[in-house]
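*Asks:* Can you read through this structure? Questions will come right after.
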Amino acid sequence: MTIAIDYLANHPQWLPILAEWTYSEWGKFDSNNSLQATIKRYEDRLNKDHIPLMLVAYSDSHPVGCVSLKETGMTIRPDYTPWLGSMYVNPKERRKGIGSQLMQRAIAESKKLLVPTLYLWTALAEGFYLKYGFNTIESTRYLDQDTKIMALHISRE
Ligand SMILES: CC(C)(COP(=O)(O)OP(=O)(O)OC[C@H]1O[C@@H](n2cnc3c(N)ncnc32)[C@H](O)[C@@H]1OP(=O)(O)O)[C@@H](O)C(=O)NCCC(=O)NCCS
């Protein structure tokens with residue numbers, strides 16, 4: 001299966017399905033969130049040259065995953081910016097290297113946009129992000145979950 005990664009801005013027709021997938025995965029953790037609010041946030045990410053932006057992985061004209069770069073992440077850590085989020089691969093397509101391709105492109109985009117440090121938080125996938133050079137900088141309770149805050153310093157070279 002050949003996978004391509006592109007800006008969601010070039011494929012806005014896939015925004016609703018990506019919002020449905022990610023809202024099904026995480027929506028239940030935040031009572032202030034909704035599918036409509038998720039769609040609105042993703043509409044704000046239809047950019048190619050500045051954050052917030054969203055990347056989509058696709059194959060044969062079907063989306064299979066996504067990742068975002070966004071200004072805000074955890075409300076309890078407003079000083080940290082920008083954040084990587086919405087990292088998601090369709091369950092049928094996992095463990096085929098698609099998450100890895102999304103991560104590599106997200107890091108390349110961060111470098112292009114001169115991001116010094118990229119942050120993320122995760123409840124379940126710390127081991128995944130360690131593979132891409134992120135360090136765990138804090139363990140904290142957030143949205144009723146035990147979470148890790150992770151950071152990646154992005155080299156300019
Ligand atoms: C996490 C996720 C994005 C990984 O996507 P994927 O396409 O299956 O990942 P890849 O196939 O590219 O895997 C890359 C590497 O990470 C490892 N990996 C995959 N998922 C992992 C996880 N949840 N925890 C730890 N390591 C993981 C793989 O084994 C692989 O390792 P290898 O290179 O040594 O073989 C995907 O499982 C997913 O969408 N999960 C649900 C949503 C989620 O948890 N998102 C991140 C939380 S913030």
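Lettering and numbering for the structure tokens are positional, with chains as A, B, ... in the shown order, residues counted from 1 in each chain, and ligands counted from 1 in the shown order.
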With stretch 17-26 of chain A as the partner and 12 Å as the cut-off, tabulate the residues of stretch 65-153 of chain A that qualify, each row holding the nearest pair of atoms and their distance in Å to one decimal, using only C-alpha atoms, sorted by chain and rising number, as CSV.

*Replies:*
residue,atom,partner,partner_atom,distance
A:Gly65,CA,A:Leu18,CA,7.5
A:Cys66,CA,A:Leu18,CA,7.2
A:Val67,CA,A:Leu18,CA,9.8
A:Ser68,CA,A:Leu18,CA,11.3
A:Gly85,CA,A:Thr22,CA,10.2
A:Ser86,CA,A:Thr22,CA,6.7
A:Met87,CA,A:Thr22,CA,8.4
A:Tyr88,CA,A:Thr22,CA,6.9
A:Val89,CA,A:Trp21,CA,9.0
A:Asn90,CA,A:Trp21,CA,7.7
A:Pro91,CA,A:Trp21,CA,9.8
A:Thr122,CA,A:Trp26,CA,11.0
A:Ala123,CA,A:Trp26,CA,10.7
A:Leu124,CA,A:Trp26,CA,11.6
A:Leu143,CA,A:Trp26,CA,10.4
A:Gln145,CA,A:Trp26,CA,11.5

*Asks:* For the selection just defined, write its residues with C-alpha atoms to a file, as a compact mmCIF listing (two decimals), in the first residue's frame.

*Replies:*
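File written: again-v8.txt
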# COMPACT_ATOMS: atom_id res chain seq x y z
CA GLY A 65 -4.76 8.86 9.40
CA CYS A 66 -3.93 12.36 10.52
CA VAL A 67 -1.84 14.55 12.80
CA SER A 68 -2.03 18.23 13.79
CA GLY A 85 -2.07 16.44 18.50
CA SER A 86 -4.83 14.44 16.77
CA MET A 87 -2.29 11.69 16.01
CA TYR A 88 -4.55 8.96 14.68
CA VAL A 89 -4.38 5.99 12.30
CA ASN A 90 -7.50 4.07 11.30
CA PRO A 91 -7.51 0.81 13.33
CA THR A 122 -0.51 11.35 25.83
CA ALA A 123 -2.21 8.82 28.08
CA LEU A 124 -1.40 5.63 26.15
CA LEU A 143 -9.06 15.00 31.92
CA GLN A 145 -6.38 10.31 32.97

*Asks:* Compile the contact shell of A:Gln13 as a PyMOL selection string: residues with an atom at most 12 Å away, counting only C-alpha atoms, same-chain residues fewer than 3 positions apart removed.

*Replies:* chain A and resi 8-10+16-19+39+42-43+46+56+61-63

*Asks:* Residues of chain A classed as helix (DSSP H, G or I) by DSSP on the backbone are to be reported as a PDB file with N, CA, C and O atoms, in the first residue's frame.

*Replies:*
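Final file, out.pdb:
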ATOM      1  N   LEU A   8      -4.076  18.757   5.018  1.00  0.00           N
ATOM      2  CA  LEU A   8      -5.524  18.562   4.911  1.00  0.00           C
ATOM      3  C   LEU A   8      -6.140  19.708   4.092  1.00  0.00           C
ATOM      4  O   LEU A   8      -7.180  19.534   3.461  1.00  0.00           O
ATOM      5  N   ALA A   9      -5.476  20.861   4.091  1.00  0.00           N
ATOM      6  CA  ALA A   9      -5.962  22.005   3.301  1.00  0.00           C
ATOM      7  C   ALA A   9      -6.139  21.638   1.832  1.00  0.00           C
ATOM      8  O   ALA A   9      -6.964  22.241   1.137  1.00  0.00           O
ATOM      9  N   ASN A  10      -5.372  20.646   1.347  1.00  0.00           N
ATOM     10  CA  ASN A  10      -5.519  20.215  -0.047  1.00  0.00           C
ATOM     11  C   ASN A  10      -6.603  19.156  -0.231  1.00  0.00           C
ATOM     12  O   ASN A  10      -6.889  18.765  -1.359  1.00  0.00           O
ATOM     13  N   PRO A  12      -9.933  19.090   1.811  1.00  0.00           N
ATOM     14  CA  PRO A  12     -10.884  19.450   2.877  1.00  0.00           C
ATOM     15  C   PRO A  12     -12.098  18.527   2.932  1.00  0.00           C
ATOM     16  O   PRO A  12     -12.762  18.455   3.965  1.00  0.00           O
ATOM     17  N   GLN A  13     -12.355  17.789   1.849  1.00  0.00           N
ATOM     18  CA  GLN A  13     -13.507  16.864   1.846  1.00  0.00           C
ATOM     19  C   GLN A  13     -13.344  15.750   2.876  1.00  0.00           C
ATOM     20  O   GLN A  13     -14.317  15.098   3.250  1.00  0.00           O
ATOM     21  N   TRP A  14     -12.116  15.516   3.338  1.00  0.00           N
ATOM     22  CA  TRP A  14     -11.884  14.449   4.322  1.00  0.00           C
ATOM     23  C   TRP A  14     -11.973  14.951   5.764  1.00  0.00           C
ATOM     24  O   TRP A  14     -11.861  14.160   6.705  1.00  0.00           O
ATOM     25  N   LEU A  15     -12.166  16.233   5.948  1.00  0.00           N
ATOM     26  CA  LEU A  15     -12.205  16.774   7.313  1.00  0.00           C
ATOM     27  C   LEU A  15     -13.290  16.105   8.179  1.00  0.00           C
ATOM     28  O   LEU A  15     -13.003  15.687   9.304  1.00  0.00           O
ATOM     29  N   PRO A  16     -14.529  15.943   7.670  1.00  0.00           N
ATOM     30  CA  PRO A  16     -15.568  15.367   8.544  1.00  0.00           C
ATOM     31  C   PRO A  16     -15.243  13.951   9.012  1.00  0.00           C
ATOM     32  O   PRO A  16     -15.474  13.626  10.186  1.00  0.00           O
ATOM     33  N   ILE A  17     -14.694  13.102   8.155  1.00  0.00           N
ATOM     34  CA  ILE A  17     -14.415  11.725   8.583  1.00  0.00           C
ATOM     35  C   ILE A  17     -13.268  11.701   9.599  1.00  0.00           C
ATOM     36  O   ILE A  17     -13.309  10.951  10.579  1.00  0.00           O
ATOM     37  N   LEU A  18     -12.267  12.565   9.393  1.00  0.00           N
ATOM     38  CA  LEU A  18     -11.169  12.616  10.375  1.00  0.00           C
ATOM     39  C   LEU A  18     -11.697  13.105  11.727  1.00  0.00           C
ATOM     40  O   LEU A  18     -11.310  12.592  12.782  1.00  0.00           O
ATOM     41  N   ALA A  19     -12.596  14.085  11.691  1.00  0.00           N
ATOM     42  CA  ALA A  19     -13.185  14.586  12.948  1.00  0.00           C
ATOM     43  C   ALA A  19     -13.984  13.480  13.633  1.00  0.00           C
ATOM     44  O   ALA A  19     -13.910  13.317  14.856  1.00  0.00           O
ATOM     45  N   GLU A  20     -14.734  12.700  12.843  1.00  0.00           N
ATOM     46  CA  GLU A  20     -15.501  11.586  13.437  1.00  0.00           C
ATOM     47  C   GLU A  20     -14.588  10.562  14.083  1.00  0.00           C
ATOM     48  O   GLU A  20     -14.843  10.098  15.191  1.00  0.00           O
ATOM     49  N   TRP A  21     -13.516  10.211  13.387  1.00  0.00           N
ATOM     50  CA  TRP A  21     -12.591   9.206  13.936  1.00  0.00           C
ATOM     51  C   TRP A  21     -11.976   9.692  15.246  1.00  0.00           C
ATOM     52  O   TRP A  21     -11.960   8.971  16.241  1.00  0.00           O
ATOM     53  N   THR A  22     -11.457  10.903  15.232  1.00  0.00           N
ATOM     54  CA  THR A  22     -10.727  11.370  16.419  1.00  0.00           C
ATOM     55  C   THR A  22     -11.702  11.680  17.562  1.00  0.00           C
ATOM     56  O   THR A  22     -11.383  11.444  18.726  1.00  0.00           O
ATOM     57  N   TYR A  23     -12.884  12.182  17.209  1.00  0.00           N
ATOM     58  CA  TYR A  23     -13.864  12.448  18.269  1.00  0.00           C
ATOM     59  C   TYR A  23     -14.317  11.132  18.909  1.00  0.00           C
ATOM     60  O   TYR A  23     -14.488  11.051  20.127  1.00  0.00           O
ATOM     61  N   SER A  24     -14.456  10.076  18.096  1.00  0.00           N
ATOM     62  CA  SER A  24     -14.814   8.761  18.668  1.00  0.00           C
ATOM     63  C   SER A  24     -13.721   8.263  19.602  1.00  0.00           C
ATOM     64  O   SER A  24     -13.996   7.611  20.605  1.00  0.00           O
ATOM     65  N   GLU A  25     -12.470   8.580  19.270  1.00  0.00           N
ATOM     66  CA  GLU A  25     -11.344   8.099  20.091  1.00  0.00           C
ATOM     67  C   GLU A  25     -11.229   8.888  21.398  1.00  0.00           C
ATOM     68  O   GLU A  25     -10.998   8.308  22.453  1.00  0.00           O
ATOM     69  N   TRP A  26     -11.353  10.218  21.333  1.00  0.00           N
ATOM     70  CA  TRP A  26     -11.020  11.045  22.498  1.00  0.00           C
ATOM     71  C   TRP A  26     -12.171  11.894  23.040  1.00  0.00           C
ATOM     72  O   TRP A  26     -12.048  12.435  24.135  1.00  0.00           O
ATOM     73  N   GLY A  27     -13.255  12.023  22.266  1.00  0.00           N
ATOM     74  CA  GLY A  27     -14.323  12.951  22.654  1.00  0.00           C
ATOM     75  C   GLY A  27     -14.862  12.691  24.042  1.00  0.00           C
ATOM     76  O   GLY A  27     -15.184  13.620  24.792  1.00  0.00           O
ATOM     77  N   LYS A  28     -14.911  11.419  24.422  1.00  0.00           N
ATOM     78  CA  LYS A  28     -15.531  11.060  25.708  1.00  0.00           C
ATOM     79  C   LYS A  28     -14.758  11.606  26.908  1.00  0.00           C
ATOM     80  O   LYS A  28     -15.299  11.696  28.004  1.00  0.00           O
ATOM     81  N   PHE A  29     -13.484  11.983  26.690  1.00  0.00           N
ATOM     82  CA  PHE A  29     -12.676  12.436  27.818  1.00  0.00           C
ATOM     83  C   PHE A  29     -12.918  13.902  28.185  1.00  0.00           C
ATOM     84  O   PHE A  29     -12.480  14.352  29.227  1.00  0.00           O
ATOM     85  N   LEU A  35     -18.648  16.844  18.479  1.00  0.00           N
ATOM     86  CA  LEU A  35     -18.218  16.611  17.093  1.00  0.00           C
ATOM     87  C   LEU A  35     -18.202  17.932  16.321  1.00  0.00           C
ATOM     88  O   LEU A  35     -17.259  18.209  15.577  1.00  0.00           O
ATOM     89  N   GLN A  36     -19.220  18.766  16.536  1.00  0.00           N
ATOM     90  CA  GLN A  36     -19.266  20.062  15.835  1.00  0.00           C
ATOM     91  C   GLN A  36     -18.067  20.924  16.201  1.00  0.00           C
ATOM     92  O   GLN A  36     -17.462  21.583  15.338  1.00  0.00           O
ATOM     93  N   ALA A  37     -17.702  20.932  17.485  1.00  0.00           N
ATOM     94  CA  ALA A  37     -16.548  21.731  17.928  1.00  0.00           C
ATOM     95  C   ALA A  37     -15.258  21.172  17.332  1.00  0.00           C
ATOM     96  O   ALA A  37     -14.342  21.931  16.978  1.00  0.00           O
ATOM     97  N   THR A  38     -15.193  19.852  17.217  1.00  0.00           N
ATOM     98  CA  THR A  38     -14.002  19.229  16.622  1.00  0.00           C
ATOM     99  C   THR A  38     -13.885  19.647  15.152  1.00  0.00           C
ATOM    100  O   THR A  38     -12.798  20.022  14.679  1.00  0.00           O
ATOM    101  N   ILE A  39     -15.006  19.609  14.430  1.00  0.00           N
ATOM    102  CA  ILE A  39     -15.001  20.023  13.018  1.00  0.00           C
ATOM    103  C   ILE A  39     -14.546  21.478  12.904  1.00  0.00           C
ATOM    104  O   ILE A  39     -13.705  21.826  12.068  1.00  0.00           O
ATOM    105  N   LYS A  40     -15.049  22.336  13.774  1.00  0.00           N
ATOM    106  CA  LYS A  40     -14.683  23.759  13.735  1.00  0.00           C
ATOM    107  C   LYS A  40     -13.177  23.934  13.973  1.00  0.00           C
ATOM    108  O   LYS A  40     -12.510  24.714  13.280  1.00  0.00           O
ATOM    109  N   ARG A  41     -12.641  23.213  14.972  1.00  0.00           N
ATOM    110  CA  ARG A  41     -11.198  23.317  15.241  1.00  0.00           C
ATOM    111  C   ARG A  41     -10.392  22.865  14.033  1.00  0.00           C
ATOM    112  O   ARG A  41      -9.392  23.483  13.676  1.00  0.00           O
ATOM    113  N   TYR A  42     -10.837  21.782  13.393  1.00  0.00           N
ATOM    114  CA  TYR A  42     -10.087  21.272  12.243  1.00  0.00           C
ATOM    115  C   TYR A  42     -10.198  22.232  11.049  1.00  0.00           C
ATOM    116  O   TYR A  42      -9.247  22.357  10.262  1.00  0.00           O
ATOM    117  N   GLU A  43     -11.322  22.921  10.919  1.00  0.00           N
ATOM    118  CA  GLU A  43     -11.448  23.919   9.837  1.00  0.00           C
ATOM    119  C   GLU A  43     -10.403  25.024  10.013  1.00  0.00           C
ATOM    120  O   GLU A  43      -9.855  25.529   9.043  1.00  0.00           O
ATOM    121  N   PRO A  91      -7.896   2.092  12.728  1.00  0.00           N
ATOM    122  CA  PRO A  91      -7.514   0.807  13.326  1.00  0.00           C
ATOM    123  C   PRO A  91      -7.146  -0.277  12.306  1.00  0.00           C
ATOM    124  O   PRO A  91      -6.223  -1.050  12.528  1.00  0.00           O
ATOM    125  N   LYS A  92      -7.832  -0.294  11.161  1.00  0.00           N
ATOM    126  CA  LYS A  92      -7.549  -1.341  10.152  1.00  0.00           C
ATOM    127  C   LYS A  92      -6.158  -1.197   9.547  1.00  0.00           C
ATOM    128  O   LYS A  92      -5.638  -2.137   8.953  1.00  0.00           O
ATOM    129  N   GLU A  93      -5.579  -0.005   9.668  1.00  0.00           N
ATOM    130  CA  GLU A  93      -4.312   0.277   8.975  1.00  0.00           C
ATOM    131  C   GLU A  93      -3.139   0.452   9.941  1.00  0.00           C
ATOM    132  O   GLU A  93      -2.074   0.915   9.537  1.00  0.00           O
ATOM    133  N   ILE A  98       2.316   3.807   9.092  1.00  0.00           N
ATOM    134  CA  ILE A  98       1.665   5.075   8.714  1.00  0.00           C
ATOM    135  C   ILE A  98       1.857   6.128   9.805  1.00  0.00           C
ATOM    136  O   ILE A  98       2.164   7.289   9.527  1.00  0.00           O
ATOM    137  N   GLY A  99       1.720   5.714  11.063  1.00  0.00           N
ATOM    138  CA  GLY A  99       1.962   6.658  12.168  1.00  0.00           C
ATOM    139  C   GLY A  99       3.371   7.215  12.097  1.00  0.00           C
ATOM    140  O   GLY A  99       3.600   8.409  12.323  1.00  0.00           O
ATOM    141  N   SER A 100       4.310   6.346  11.760  1.00  0.00           N
ATOM    142  CA  SER A 100       5.699   6.781  11.647  1.00  0.00           C
ATOM    143  C   SER A 100       5.865   7.829  10.536  1.00  0.00           C
ATOM    144  O   SER A 100       6.532   8.854  10.721  1.00  0.00           O
ATOM    145  N   GLN A 101       5.224   7.597   9.398  1.00  0.00           N
ATOM    146  CA  GLN A 101       5.321   8.574   8.301  1.00  0.00           C
ATOM    147  C   GLN A 101       4.690   9.914   8.693  1.00  0.00           C
ATOM    148  O   GLN A 101       5.212  10.981   8.370  1.00  0.00           O
ATOM    149  N   LEU A 102       3.567   9.848   9.406  1.00  0.00           N
ATOM    150  CA  LEU A 102       2.930  11.096   9.862  1.00  0.00           C
ATOM    151  C   LEU A 102       3.838  11.844  10.824  1.00  0.00           C
ATOM    152  O   LEU A 102       3.974  13.077  10.755  1.00  0.00           O
ATOM    153  N   MET A 103       4.464  11.102  11.757  1.00  0.00           N
ATOM    154  CA  MET A 103       5.355  11.752  12.726  1.00  0.00           C
ATOM    155  C   MET A 103       6.536  12.426  12.026  1.00  0.00           C
ATOM    156  O   MET A 103       6.903  13.556  12.338  1.00  0.00           O
ATOM    157  N   GLN A 104       7.147  11.697  11.080  1.00  0.00           N
ATOM    158  CA  GLN A 104       8.318  12.260  10.405  1.00  0.00           C
ATOM    159  C   GLN A 104       7.944  13.533   9.638  1.00  0.00           C
ATOM    160  O   GLN A 104       8.685  14.517   9.649  1.00  0.00           O
ATOM    161  N   ARG A 105       6.772  13.525   9.012  1.00  0.00           N
ATOM    162  CA  ARG A 105       6.351  14.724   8.275  1.00  0.00           C
ATOM    163  C   ARG A 105       6.000  15.869   9.241  1.00  0.00           C
ATOM    164  O   ARG A 105       6.329  17.031   8.986  1.00  0.00           O
ATOM    165  N   ALA A 106       5.363  15.534  10.370  1.00  0.00           N
ATOM    166  CA  ALA A 106       5.020  16.586  11.348  1.00  0.00           C
ATOM    167  C   ALA A 106       6.291  17.236  11.899  1.00  0.00           C
ATOM    168  O   ALA A 106       6.349  18.458  12.093  1.00  0.00           O
ATOM    169  N   ILE A 107       7.303  16.428  12.142  1.00  0.00           N
ATOM    170  CA  ILE A 107       8.568  16.982  12.645  1.00  0.00           C
ATOM    171  C   ILE A 107       9.245  17.817  11.554  1.00  0.00           C
ATOM    172  O   ILE A 107       9.769  18.902  11.827  1.00  0.00           O
ATOM    173  N   ALA A 108       9.194  17.350  10.301  1.00  0.00           N
ATOM    174  CA  ALA A 108       9.772  18.117   9.189  1.00  0.00           C
ATOM    175  C   ALA A 108       9.045  19.459   9.020  1.00  0.00           C
ATOM    176  O   ALA A 108       9.674  20.503   8.792  1.00  0.00           O
ATOM    177  N   GLU A 109       7.728  19.454   9.160  1.00  0.00           N
ATOM    178  CA  GLU A 109       6.963  20.715   9.059  1.00  0.00           C
ATOM    179  C   GLU A 109       7.341  21.656  10.201  1.00  0.00           C
ATOM    180  O   GLU A 109       7.466  22.869  10.014  1.00  0.00           O
ATOM    181  N   SER A 110       7.527  21.100  11.397  1.00  0.00           N
ATOM    182  CA  SER A 110       7.898  21.930  12.554  1.00  0.00           C
ATOM    183  C   SER A 110       9.247  22.586  12.306  1.00  0.00           C
ATOM    184  O   SER A 110       9.456  23.768  12.629  1.00  0.00           O
ATOM    185  N   LYS A 111      10.163  21.817  11.728  1.00  0.00           N
ATOM    186  CA  LYS A 111      11.492  22.356  11.430  1.00  0.00           C
ATOM    187  C   LYS A 111      11.390  23.485  10.401  1.00  0.00           C
ATOM    188  O   LYS A 111      11.986  24.547  10.557  1.00  0.00           O
ATOM    189  N   LYS A 112      10.594  23.240   9.366  1.00  0.00           N
ATOM    190  CA  LYS A 112      10.392  24.240   8.307  1.00  0.00           C
ATOM    191  C   LYS A 112       9.819  25.534   8.887  1.00  0.00           C
ATOM    192  O   LYS A 112      10.178  26.634   8.458  1.00  0.00           O
ATOM    193  N   GLU A 126       3.074   6.808  25.053  1.00  0.00           N
ATOM    194  CA  GLU A 126       4.404   7.361  25.353  1.00  0.00           C
ATOM    195  C   GLU A 126       5.501   6.620  24.561  1.00  0.00           C
ATOM    196  O   GLU A 126       6.395   7.232  23.988  1.00  0.00           O
ATOM    197  N   GLY A 127       5.389   5.279  24.511  1.00  0.00           N
ATOM    198  CA  GLY A 127       6.415   4.475  23.833  1.00  0.00           C
ATOM    199  C   GLY A 127       6.529   4.808  22.355  1.00  0.00           C
ATOM    200  O   GLY A 127       7.621   4.771  21.780  1.00  0.00           O
ATOM    201  N   PHE A 128       5.404   5.141  21.746  1.00  0.00           N
ATOM    202  CA  PHE A 128       5.405   5.525  20.325  1.00  0.00           C
ATOM    203  C   PHE A 128       6.218   6.802  20.129  1.00  0.00           C
ATOM    204  O   PHE A 128       7.108   6.873  19.283  1.00  0.00           O
ATOM    205  N   TYR A 129       5.958   7.804  20.957  1.00  0.00           N
ATOM    206  CA  TYR A 129       6.626   9.101  20.768  1.00  0.00           C
ATOM    207  C   TYR A 129       8.109   9.072  21.159  1.00  0.00           C
ATOM    208  O   TYR A 129       8.903   9.830  20.601  1.00  0.00           O
ATOM    209  N   LEU A 130       8.461   8.194  22.097  1.00  0.00           N
ATOM    210  CA  LEU A 130       9.885   8.072  22.454  1.00  0.00           C
ATOM    211  C   LEU A 130      10.714   7.697  21.227  1.00  0.00           C
ATOM    212  O   LEU A 130      11.865   8.102  21.083  1.00  0.00           O
TER     213      LEU A 130
END

*Asks:* What is the atom CA of A:Ser34-atom CA of A:Ala4 distance in Å, reported with one decimal?

*Replies:*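 Computed distance, atom CA of A:Ser34 to atom CA of A:Ala4, equals 29.0 Å.
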
*Asks:* Please identify all polymer residues within 7 Å of A:Thr147, counting only C-alpha atoms, omitting same-chain residues fewer than 5 positions from it, and present them as a VMD selection string.

*Replies:* chain A and resid 121 to 123 139 to 142

*Asks:* Distance atom CA of A:Leu152-atom CA of A:Leu118, one decimal place?

*Replies:*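 Those two atoms sit 5.2 Å apart.
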
*Asks:* Atom 12 (O, counted along the ligand's line) of ligand 1 to atom CA of A:Ser59: how many Å, to one decimal?

*Replies:*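 So the answer is 14.7 Å.
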
*Asks:* Let me make sure I understand: among A:Val115, A:Ile76, A:Ile51, A:Ile149, which one has the smallest atom-to-atom distance to ligand 1 if we use only C-alpha atoms and all ligand atoms?

*Replies:* A:Ile149
